[in-house]
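Structure data follow from start.txt (compact mmCIF, C-alpha atoms):
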```
# COMPACT_ATOMS: atom_id res chain seq x y z
CA MET A 243 -0.91 -19.88 -18.99
CA ILE A 244 -3.09 -22.83 -17.95
CA ARG A 245 -2.28 -25.41 -15.29
CA VAL A 246 -4.22 -28.64 -14.72
CA ILE A 247 -4.20 -29.92 -11.13
CA PRO A 248 -5.48 -33.48 -10.54
CA SER A 249 -6.47 -34.37 -6.99
CA ASN A 250 -5.48 -37.48 -5.05
CA LYS A 251 -9.14 -38.47 -5.19
CA LEU A 252 -8.87 -38.84 -8.98
CA LEU A 253 -5.92 -41.25 -8.74
CA ILE A 254 -7.58 -43.30 -6.00
CA THR A 255 -10.83 -43.55 -8.02
CA TYR A 256 -8.99 -44.85 -11.08
CA LEU A 257 -7.11 -47.38 -8.95
CA VAL A 258 -10.39 -48.64 -7.48
CA LEU A 259 -12.10 -48.95 -10.89
CA SER A 260 -9.07 -50.67 -12.38
CA GLY A 261 -8.97 -53.01 -9.37
CA ILE A 262 -12.62 -54.02 -9.87
CA THR A 263 -11.96 -54.86 -13.54
CA TYR A 264 -8.72 -56.70 -12.73
CA ILE A 265 -10.37 -58.80 -10.00
CA GLY A 266 -13.15 -59.73 -12.44
CA LEU A 267 -10.55 -60.91 -14.95
CA LEU A 268 -8.64 -62.93 -12.34
CA THR A 269 -11.77 -64.65 -11.05
CA ASN A 270 -13.19 -65.13 -14.56
CA ASN A 271 -16.26 -63.16 -13.44
CA LEU A 272 -17.77 -61.56 -16.53
CA PHE A 273 -20.19 -59.39 -14.54
CA GLY A 274 -17.38 -57.96 -12.41
CA THR A 275 -15.20 -57.38 -15.48
CA TYR A 276 -17.91 -55.62 -17.50
CA PHE A 277 -19.16 -53.71 -14.49
CA GLY A 278 -15.67 -52.40 -13.79
CA LEU A 279 -15.15 -51.47 -17.45
CA MET A 280 -18.50 -49.69 -17.60
CA LEU A 281 -17.70 -47.66 -14.49
CA PHE A 282 -14.25 -46.87 -15.90
CA ILE A 283 -15.72 -45.63 -19.21
CA VAL A 284 -18.50 -43.59 -17.57
CA PHE A 285 -16.11 -41.96 -15.13
CA THR A 286 -13.52 -41.24 -17.83
CA SER A 287 -16.25 -39.75 -20.04
CA TYR A 288 -17.28 -37.45 -17.20
CA ILE A 289 -13.70 -36.33 -16.52
CA LEU A 290 -12.89 -35.76 -20.20
CA SER A 291 -16.16 -33.90 -20.86
CA TRP A 292 -15.66 -31.58 -17.91
CA TYR A 293 -11.99 -31.10 -18.81
CA LEU A 294 -12.82 -30.14 -22.41
CA LEU A 295 -15.52 -27.64 -21.43
CA ALA A 296 -13.42 -26.15 -18.62
CA MET A 297 -10.43 -25.72 -20.93
CA LEU A 298 -12.59 -23.91 -23.49
CA VAL A 299 -14.04 -21.62 -20.80
CA ALA A 300 -10.56 -20.88 -19.43
CA LEU A 301 -8.94 -20.34 -22.83
CA TYR A 302 -11.55 -17.85 -24.00
CA SER A 303 -11.90 -15.89 -20.74
CA ARG A 304 -10.55 -12.45 -19.96
CA LEU A 305 -10.58 -10.28 -16.85
CA VAL A 306 -11.96 -6.76 -17.28
CA PHE A 307 -12.15 -4.03 -14.63
CA SER A 308 -14.59 -1.14 -14.73
CA GLN A 309 -11.91 1.40 -13.70
CA SER A 310 -8.32 1.94 -14.73
CA SER A 311 -7.29 3.67 -11.49
CA VAL A 312 -8.27 3.69 -7.81
CA GLU A 313 -7.19 5.92 -4.92
CA LEU A 314 -7.50 5.21 -1.20
CA THR A 315 -5.67 5.89 2.04
CA VAL A 316 -3.97 3.54 4.46
CA ASP A 317 -6.49 1.36 6.36
CA SER A 318 -9.39 2.59 4.21
CA SER A 319 -11.33 0.47 1.72
CA THR A 320 -12.92 0.96 -1.65
CA SER A 321 -14.69 -1.26 -4.18
CA ILE A 322 -14.22 -1.79 -7.88
CA ASN A 323 -16.39 -3.78 -10.29
CA ALA A 324 -14.99 -6.42 -12.61
CA ILE A 325 -16.10 -9.33 -14.79
CA ILE A 326 -14.56 -12.50 -16.17
CA SER A 327 -15.94 -12.51 -19.67
CA SER A 328 -15.84 -15.73 -21.69
CA SER A 329 -16.80 -16.41 -25.30
CA MET A 330 -18.28 -19.69 -24.09
CA PRO A 331 -21.88 -19.14 -22.91
CA MET A 332 -21.20 -20.73 -19.53
CA ARG A 333 -22.12 -19.50 -16.08
CA TRP A 334 -19.71 -21.69 -14.18
CA GLU A 335 -18.58 -20.86 -10.68
CA ALA A 336 -14.89 -20.05 -10.27
CA ARG A 337 -12.45 -18.78 -7.68
CA LEU A 338 -10.35 -15.69 -8.38
CA ASN A 339 -7.17 -14.45 -6.67
CA LEU A 340 -6.00 -11.01 -7.81
CA ILE A 341 -2.32 -10.41 -8.55
CA HIS A 342 -0.90 -7.25 -6.98
CA SER A 343 1.76 -6.10 -4.52
CA PRO A 344 1.06 -6.26 -0.75
CA HIS A 345 0.30 -2.51 -0.67
CA ILE A 346 -3.35 -3.47 -0.97
CA GLN A 347 -5.29 -6.40 0.43
CA SER A 348 -7.97 -8.34 -1.41
CA SER A 349 -9.50 -11.67 -0.53
CA ALA A 350 -10.08 -14.64 -2.82
CA LEU A 351 -13.41 -14.29 -4.58
CA ASN A 352 -16.04 -16.86 -5.43
CA ILE A 353 -17.39 -15.54 -8.71
CA ARG A 354 -19.45 -16.72 -11.68
CA VAL A 355 -18.10 -16.51 -15.22
CA ASN A 356 -19.88 -13.91 -17.38
CA TYR A 357 -21.38 -12.22 -14.32
CA GLU A 358 -20.13 -8.90 -12.92
CA PHE A 359 -18.73 -8.97 -9.39
CA THR A 360 -17.33 -6.46 -6.88
CA VAL A 361 -13.78 -6.48 -5.51
CA LYS A 362 -13.06 -4.87 -2.13
CA LEU A 363 -9.60 -3.31 -1.83
CA THR A 364 -8.06 -2.22 1.48
CA GLY A 365 -5.00 0.05 1.70
CA ARG A 366 -2.19 -1.55 3.68
CA TRP A 367 1.03 0.31 2.84
CA ILE A 368 1.66 3.74 1.33
CA GLY A 369 2.68 3.54 -2.30
CA SER A 370 1.75 3.14 -5.94
CA ALA A 371 0.64 -0.40 -6.78
CA LYS A 372 -0.93 -2.16 -9.75
CA ILE A 373 -3.42 -4.97 -10.21
CA ILE A 374 -1.96 -6.80 -13.19
CA GLY A 375 -4.44 -9.66 -13.39
CA GLY A 376 -5.74 -12.65 -11.49
CA ILE A 377 -5.63 -16.44 -11.23
CA MET A 378 -8.96 -18.04 -12.08
CA GLU A 379 -9.55 -21.58 -10.81
CA LEU A 380 -12.28 -23.87 -12.13
CA ARG A 381 -12.98 -27.00 -10.08
CA ASP A 382 -15.23 -29.88 -11.11
CA PRO A 383 -18.28 -30.40 -8.84
CA LEU A 384 -16.94 -33.69 -7.43
CA GLY A 385 -13.49 -32.29 -6.66
CA PHE A 386 -11.49 -34.60 -8.94
CA LEU A 387 -9.84 -31.98 -11.13
CA SER A 388 -9.14 -28.24 -11.18
CA ILE A 389 -7.84 -25.91 -13.88
CA GLN A 390 -5.99 -22.66 -13.16
CA ARG A 391 -5.69 -19.89 -15.73
CA LEU A 392 -3.52 -16.78 -15.44
CA LEU A 393 -5.65 -13.86 -16.63
CA LEU A 394 -3.59 -10.76 -17.42
CA CYS A 395 -5.46 -7.50 -17.93
CA ASP A 396 -4.91 -3.83 -18.52
CA CYS A 397 -3.25 -2.70 -15.29
CA VAL A 398 -5.39 -1.02 -12.66
CA ASP A 399 -3.29 1.67 -10.96
CA VAL A 400 -3.93 1.73 -7.22
CA VAL A 401 -2.55 4.71 -5.27
CA VAL A 402 -2.46 4.28 -1.49
CA ARG A 403 -1.99 7.68 0.16
CA PRO A 404 -0.97 8.50 3.76
CA ARG A 405 -3.62 9.16 6.35
CA GLN A 406 -4.67 12.76 6.70
CA LEU A 407 -3.54 13.09 10.27
CA ILE A 408 -2.42 16.19 12.17
CA SER A 409 -0.92 15.37 15.55
CA ALA A 410 0.31 17.81 18.14
CA SER A 411 3.46 16.72 19.91
CA GLY A 412 6.71 18.05 21.16
CA LYS A 413 9.86 16.12 20.59
CA ILE A 414 8.69 12.71 19.51
CA GLY A 415 9.99 9.54 17.99
CA VAL A 416 8.01 8.11 15.11
CA GLY A 417 8.08 4.35 15.35
CA GLY A 418 11.15 4.60 17.58
CA TYR A 419 13.09 6.74 15.11
CA ALA A 420 15.38 9.59 16.11
CA GLU A 421 14.30 12.94 14.79
CA HIS A 422 13.69 16.55 15.75
CA GLY A 423 10.09 16.89 16.92
CA LEU A 424 7.16 18.54 15.16
CA SER A 425 4.17 20.17 16.83
CA MET A 426 1.35 21.75 14.84
CA GLU A 427 2.38 25.01 13.11
CA GLY A 428 5.17 25.57 15.61
CA ARG A 429 6.78 22.30 14.59
CA LEU A 430 8.06 24.07 11.48
CA GLY A 431 9.95 26.52 13.67
CA ASP A 432 8.88 29.65 11.79
CA PHE A 433 5.15 30.17 12.49
CA ARG A 434 4.45 33.85 13.20
CA SER A 435 0.70 34.59 13.12
CA LEU A 436 -2.66 33.99 11.45
CA SER A 437 -4.41 36.57 9.28
CA THR A 438 -7.24 36.82 6.76
CA TYR A 439 -6.37 34.89 3.61
CA ASP A 440 -4.76 36.88 0.80
CA TYR A 441 -5.98 35.39 -2.49
CA GLU A 442 -2.63 36.19 -4.11
CA LYS A 443 -0.97 33.73 -1.73
CA PRO A 444 -0.80 29.98 -2.48
CA ALA A 445 -3.61 27.82 -1.10
CA SER A 446 -1.06 25.83 0.90
CA SER A 447 -0.82 28.79 3.31
CA ILE A 448 -4.50 28.40 4.37
CA HIS A 449 -4.99 27.12 7.92
CA TRP A 450 -8.10 25.02 7.46
CA LEU A 451 -8.82 24.22 11.12
CA THR A 452 -8.97 27.89 12.10
CA SER A 453 -10.89 28.76 8.93
CA ALA A 454 -13.52 26.20 9.84
CA ARG A 455 -13.85 27.60 13.36
CA VAL A 456 -14.28 31.25 12.34
CA SER A 457 -16.12 30.57 9.02
CA GLU A 458 -13.55 32.64 7.14
CA LEU A 459 -10.40 31.69 5.25
CA MET A 460 -7.36 32.30 7.44
CA MET A 461 -3.73 31.99 6.37
CA ILE A 462 -0.45 31.33 8.16
CA ASN A 463 2.14 34.11 8.21
CA ARG A 464 5.67 32.81 8.46
CA SER A 465 8.97 34.45 9.18
CA ASP A 466 11.39 35.06 6.36
CA TYR A 467 13.79 32.42 7.68
CA GLY A 468 12.93 29.19 5.88
CA SER A 469 9.38 27.91 5.76
CA CYS A 470 9.76 24.16 6.11
CA PRO A 471 12.05 21.48 7.50
CA ILE A 472 14.33 19.33 5.38
CA PHE A 473 13.76 15.58 5.75
CA VAL A 474 16.70 13.19 5.58
CA VAL A 475 15.24 9.73 5.09
CA ASN A 476 16.80 6.30 5.40
CA ALA A 477 16.01 4.67 2.03
CA SER A 478 17.70 1.32 2.70
CA SER A 479 16.13 -2.11 2.28
CA ARG A 480 15.41 -2.35 6.03
CA MET A 481 12.79 0.38 5.66
CA LEU A 482 10.76 -1.91 3.38
CA ILE A 483 10.66 -4.94 5.71
CA PRO A 484 7.29 -5.30 7.50
CA GLN A 485 7.32 -5.43 11.29
CA ASN A 486 4.01 -6.72 12.65
CA GLY A 487 2.44 -5.87 9.30
CA LYS A 488 3.82 -2.32 9.14
CA ARG A 489 6.93 -0.97 7.42
CA PRO A 490 9.25 1.74 8.76
CA ILE A 491 9.03 3.59 5.44
CA ASP A 492 5.30 4.15 5.98
CA ASP A 493 5.90 5.96 9.26
CA ALA A 494 8.52 8.16 7.61
CA LEU A 495 6.26 9.00 4.68
CA GLN A 496 3.40 9.81 7.08
CA VAL A 497 5.57 12.41 8.84
CA ILE A 498 6.48 13.97 5.49
CA SER A 499 2.82 13.99 4.50
CA ASP A 500 1.83 15.76 7.74
CA SER A 501 4.43 18.42 7.02
CA THR A 502 3.12 19.05 3.49
CA SER A 503 -0.22 20.00 5.04
CA TYR A 504 1.51 23.23 6.12
CA CYS A 505 4.33 23.59 3.63
CA GLY A 506 2.81 22.48 0.36
CA GLU A 507 6.21 21.18 -0.72
CA VAL A 508 9.19 19.96 1.30
CA ARG A 509 12.76 18.93 0.54
CA VAL A 510 13.43 15.21 1.01
CA ILE A 511 16.91 13.69 0.90
CA LEU A 512 17.03 9.92 0.43
CA MET A 513 20.05 8.05 1.77
CA ARG A 514 21.32 4.52 1.52
CA ARG A 515 24.88 3.28 1.33
CA GLY A 516 26.59 4.77 -1.70
CA HIS A 517 23.53 6.73 -2.76
CA VAL A 518 22.22 10.20 -1.89
CA GLU A 519 19.33 11.78 -3.78
CA GLU A 520 17.20 14.88 -3.22
CA ARG A 521 13.54 15.41 -4.07
CA VAL A 522 11.05 18.26 -3.64
CA MET A 523 7.84 16.53 -2.59
CA SER A 524 4.19 17.46 -2.35
CA ARG A 525 1.59 15.23 -0.74
CA GLY A 526 0.41 13.94 -4.09
CA GLY A 527 3.86 12.62 -4.97
CA ILE A 528 4.50 10.63 -1.79
CA PRO A 529 3.10 7.27 -3.05
CA TYR A 530 5.30 7.52 -6.14
CA LEU A 531 8.34 8.30 -4.00
CA GLU A 532 7.72 5.03 -2.14
CA ARG A 533 7.53 3.14 -5.43
CA GLU A 534 10.81 4.67 -6.59
CA ILE A 535 12.56 3.67 -3.36
CA ARG A 536 11.11 0.15 -3.52
CA ILE A 537 11.96 -0.48 -7.17
CA ASN A 538 15.52 0.81 -6.70
CA VAL A 539 16.11 -1.52 -3.76
CA ILE A 540 14.52 -4.55 -5.45
CA SER A 541 16.50 -3.96 -8.64
CA VAL A 542 19.84 -4.40 -6.86
CA SER A 543 18.70 -7.32 -4.70
CA ASN A 544 19.34 -10.95 -5.61
CA GLU A 545 16.44 -13.17 -6.72
CA ASP A 546 16.48 -15.24 -3.51
CA ASN A 547 15.70 -12.10 -1.49
CA VAL A 548 12.62 -11.14 -3.51
CA LEU A 549 9.14 -12.49 -2.78
CA MET A 550 5.97 -12.42 -4.89
CA ASP A 551 2.42 -13.54 -4.20
CA LEU A 552 2.41 -15.54 -7.44
CA PRO A 553 3.09 -19.25 -8.06
CA GLY A 554 6.45 -19.85 -9.72
CA TYR A 555 4.96 -21.73 -12.69
CA PHE A 556 3.14 -18.55 -13.80
CA ARG A 557 6.06 -16.13 -13.43
CA LYS A 558 7.58 -16.97 -16.80
CA TYR A 559 4.54 -15.40 -18.47
CA LEU A 560 5.17 -11.96 -16.90
CA SER A 561 7.65 -9.33 -18.03
CA LYS A 562 10.40 -8.04 -15.74
CA ASP A 563 8.56 -4.74 -15.19
CA GLU A 564 5.38 -6.59 -14.21
CA LEU A 565 7.29 -8.78 -11.76
CA LEU A 566 9.01 -5.74 -10.23
CA GLY A 567 5.63 -4.13 -9.64
CA ILE A 568 4.38 -7.01 -7.44
CA ALA A 569 7.68 -7.90 -5.74
CA TYR A 570 8.83 -7.04 -2.24
CA ILE A 571 11.96 -7.58 -0.15
CA LYS A 572 12.28 -10.59 2.17
CA ALA A 573 15.33 -9.63 4.25
CA PRO A 574 17.49 -6.50 4.74
CA MET A 575 20.61 -6.07 2.66
CA ASP A 576 23.88 -4.48 3.66
CA ASP A 577 22.90 -1.02 2.43
CA GLU A 578 22.42 1.03 5.62
CA PRO A 579 23.74 4.62 5.27
CA LEU A 580 27.12 5.20 6.88
CA ILE A 581 27.32 7.73 9.71
CA GLU A 582 30.11 9.58 7.87
CA ASP A 583 27.87 10.10 4.84
CA LEU A 584 25.03 11.31 7.04
CA ASN A 585 27.25 13.86 8.75
CA LYS A 586 28.43 15.15 5.38
CA VAL A 587 24.83 15.63 4.24
CA ILE A 588 23.89 17.46 7.46
CA ASN A 589 26.91 19.71 7.23
CA ALA A 590 26.15 20.48 3.59
CA ILE A 591 22.55 21.44 4.40
CA GLY A 592 23.42 23.69 7.35
CA GLY A 593 20.87 24.98 9.87
CA LYS A 594 20.53 21.76 11.84
CA ASN A 595 17.43 23.02 13.64
CA ARG A 596 15.53 22.65 10.34
CA ILE A 597 16.59 19.07 9.67
CA ILE A 598 14.37 16.10 10.52
CA LEU A 599 16.02 12.68 10.52
CA LEU A 600 13.73 9.74 9.74
CA ASN A 601 15.18 6.43 10.91
CA LEU A 602 18.64 7.93 10.97
CA LYS A 603 20.88 9.07 13.82
CA ALA A 604 23.47 11.77 13.50
CA GLY A 605 26.94 11.00 14.79
CA GLY A 606 28.40 12.61 17.86
```
Hey, can you dump this file as structure tokens for me?
Amino acid sequence: MIRVIPSNKLLITYLVLSGITYIGLLTNNLFGTYFGLMLFIVFTSYILSWYLLAMLVALYSRLVFSQSSVELTVDSSTSINAIISSSMPMRWEARLNLIHSPHIQSSALNIRVNYEFTVKLTGRWIGSAKIIGGIMELRDPLGFLSIQRLLLCDCVDVVVRPRQLISASGKIGVGGYAEHGLSMEGRLGDFRSLSTYDYEKPASSIHWLTSARVSELMMINRSDYGSCPIFVVNASSRMLIPQNGKRPIDDALQVISDSTSYCGEVRVILMRRGHVEERVMSRGGIPYLEREIRINVISVSNEDNVLMDLPGYFRKYLSKDELLGIAYIKAPMDDEPLIEDLNKVINAIGGKNRIILLNLKAGG
């Protein structure tokens, strides 16, 4: 799990030193010959000494995080402490790139071995991600040679949750999608009235905005006809492809999350060609739903259509499950739901006024 990377400067330096010695031999100049040999030996001693020490530091280093799990929301940031601990008593400077899926963003870090450092993580996409390790790079002070080491660690689970947004709108299109609109409580179609909270009722019935205004817990009374919409979601590969840094699946999951603020739990039907699946989702399960959709799509994709932020020469050291966790789709596959299948699902559900289509369009 170690890679040695010589620079062009190293090759040029050896050519120059060899040239000095060779010219001294051709001209029968003893000073030039011995001077070239001395420079060659001193330079080689420096390179070999640094290489030996750097290899020992890299071989006996491990990456340790202070936490095993982190939670944040989209576009928010959090920090986590870590250390590269080495058995060698060195305090060398190194560069570290963390290995994780694009759900979170982290920049390359200039750290010092055997010193604790702080990693800033920013939520980018909704989902459940993992930090499985990092690539440590040691570079000699003169820039002749660098050594990269893949440091695997106990996974840090990172859960990126949807924003806690409540938007009032009539019939809207989320990210250009076709769906029946939602608007505050009325967007569920069955809001009746507000009353003082009954402690025998579930906490999901509390209307927090009104409670905050009147300084008393107030709850939503709903009609007996259904309490929440049913979401039919496009779960094809296209939903996972970023567009200007954002994915369609994130917009869909945000709508579902907004609905759970009132419903507690909602029915979600996932559709892609040849596959229909139903889930009952609460807000806490939304990141794991995204992971399930992503892993299912990646598993049936070919290797050429899967990208990873990891050099190919290190991939052979990771298991299939670890690679799946950091992989993402490069291009859409031919797995869009058919309109006939969508119509069958809608007809089976019944009560079309309670159905919300996310990135799907019902047939005429």
Select from segment 295-395 of chain A every residue with an atom at most 8 Å from any atom of segment 251-259 of chain A, then for each give the shortest pair of atoms and their distance in Å to one decimal, using only C-alpha atoms, rows by chain and rising number, as a tab-separated table.
```
residue	atom	partner	partner_atom	distance
A:Gly385	CA	A:Lys251	CA	7.7
A:Phe386	CA	A:Leu252	CA	5.0
A:Leu387	CA	A:Leu252	CA	7.3
```
Please build the interface table for segment 532-565 of chain A against segment 472-495 of chain A with a cut-off of 12 Å, listing for each qualifying residue the nearest atom pair and the distance in Å to one decimal; count all atoms listed in the file, order rows by chain and increasing number, and write it as a tab-separated table.
```
residue	atom	partner	partner_atom	distance
A:Glu532	CA	A:Ile491	CA	7.8
A:Arg533	CA	A:Leu482	CA	10.7
A:Glu534	CA	A:Ala477	CA	10.1
A:Ile535	CA	A:Ala477	CA	6.5
A:Arg536	CA	A:Leu482	CA	7.2
A:Ile537	CA	A:Ser479	CA	10.5
A:Asn538	CA	A:Ser479	CA	9.5
A:Val539	CA	A:Ser479	CA	6.1
A:Ile540	CA	A:Ser479	CA	8.3
A:Ser541	CA	A:Ser479	CA	11.1
A:Val542	CA	A:Ser479	CA	10.1
A:Ser543	CA	A:Ser479	CA	9.1
A:Asn547	CA	A:Ser479	CA	10.7
A:Val548	CA	A:Ile483	CA	11.3
A:Leu549	CA	A:Ile483	CA	11.5
```
Atom CA of Leu394 of chain A and atom CA of Lys572 of chain A are how many Å apart?
->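 Answer for the atom CA of Leu394 of chain A to atom CA of Lys572 of chain A separation: 25.2 Å.
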Between A:Ser260, A:Ser437, A:Gln406, A:Asn544, which one has atoms that come closest to Val497 of chain A, using all atoms listed in the file?
->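 Going through A:Ser260, A:Ser437, A:Gln406, A:Asn544 one by one, the smallest distance to Val497 of chain A is for A:Gln406.
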Residue contacts of Leu565 of chain A (10 Å, only C-alpha atoms) excluding same-chain residues fewer than 4 positions away, as a list in words | His342, Ser343, Ile374, Leu549, Met550, Leu552, Arg557, Lys558, Tyr559, Leu560, Ser561, Ala569 and Tyr570 of chain A
A:Thr438, A:Cys470, A:Leu380, A:Glu519 ranked by distance to Val456 of chain A, top pick (using all atoms listed in the file) = A:Thr438
Please measure the separation of atom CA of Gln309 of chain A and atom CA of Ile373 of chain A, giving the value in Å to one decimal.
->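 One can read the atom CA of Gln309 of chain A to atom CA of Ile373 of chain A distance as 11.2 Å.
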To one decimal place, how far is atom CA of Leu600 of chain A from atom CA of Asp317 of chain A in Å?
-> 22.1 Å
If you count all atoms listed in the file, the residue of A:Pro529, A:Pro553, A:Pro383, A:Gly506 closest to Gly369 of chain A turns out to be A:Pro529
Enumerate, as an NGL selection string, the protein, DNA and RNA residues whose atoms approach (-17.2, -15.3, -15.6) to within 12 Å, taking into account all atoms listed in the file and the coordinate frame of the file.
-> :A and (296 or 299-300 or 302-306 or 324-338 or 351-359 or 378-380 or 393)
In terms of all atoms listed in the file, the residue from A:Thr320, A:Pro471, A:Val402, A:Ile462 at minimal distance from Arg366 of chain A is A:Val402
If we count only C-alpha atoms, what is near Val361 of chain A at a cut-off of 7 Å, once residues fewer than 2 positions away on the same chain are taken out, given as an NGL selection string?
-> :A and (321-323 or 359 or 363)
Pick out the closest residue to Leu340 of chain A from this set: A:His517, A:Asp399, A:Arg245, A:Asp551. Count all atoms listed in the file.
->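 Closest residue, counting all atoms listed in the file: A:Asp551.
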Find the residues near segment 525-528 of chain A: any atom within 7 Å, counting all atoms listed in the file, skip ones fewer than 2 places away on the same chain, and give them as a PyMOL selection string.
-> chain A and resi 495+499+502+523+530-532
Residue nearest Ile289 of chain A among A:Leu384, A:Cys397, A:Ile598, A:Ile511 (counting only C-alpha atoms) |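 Closest candidate: A:Leu384.
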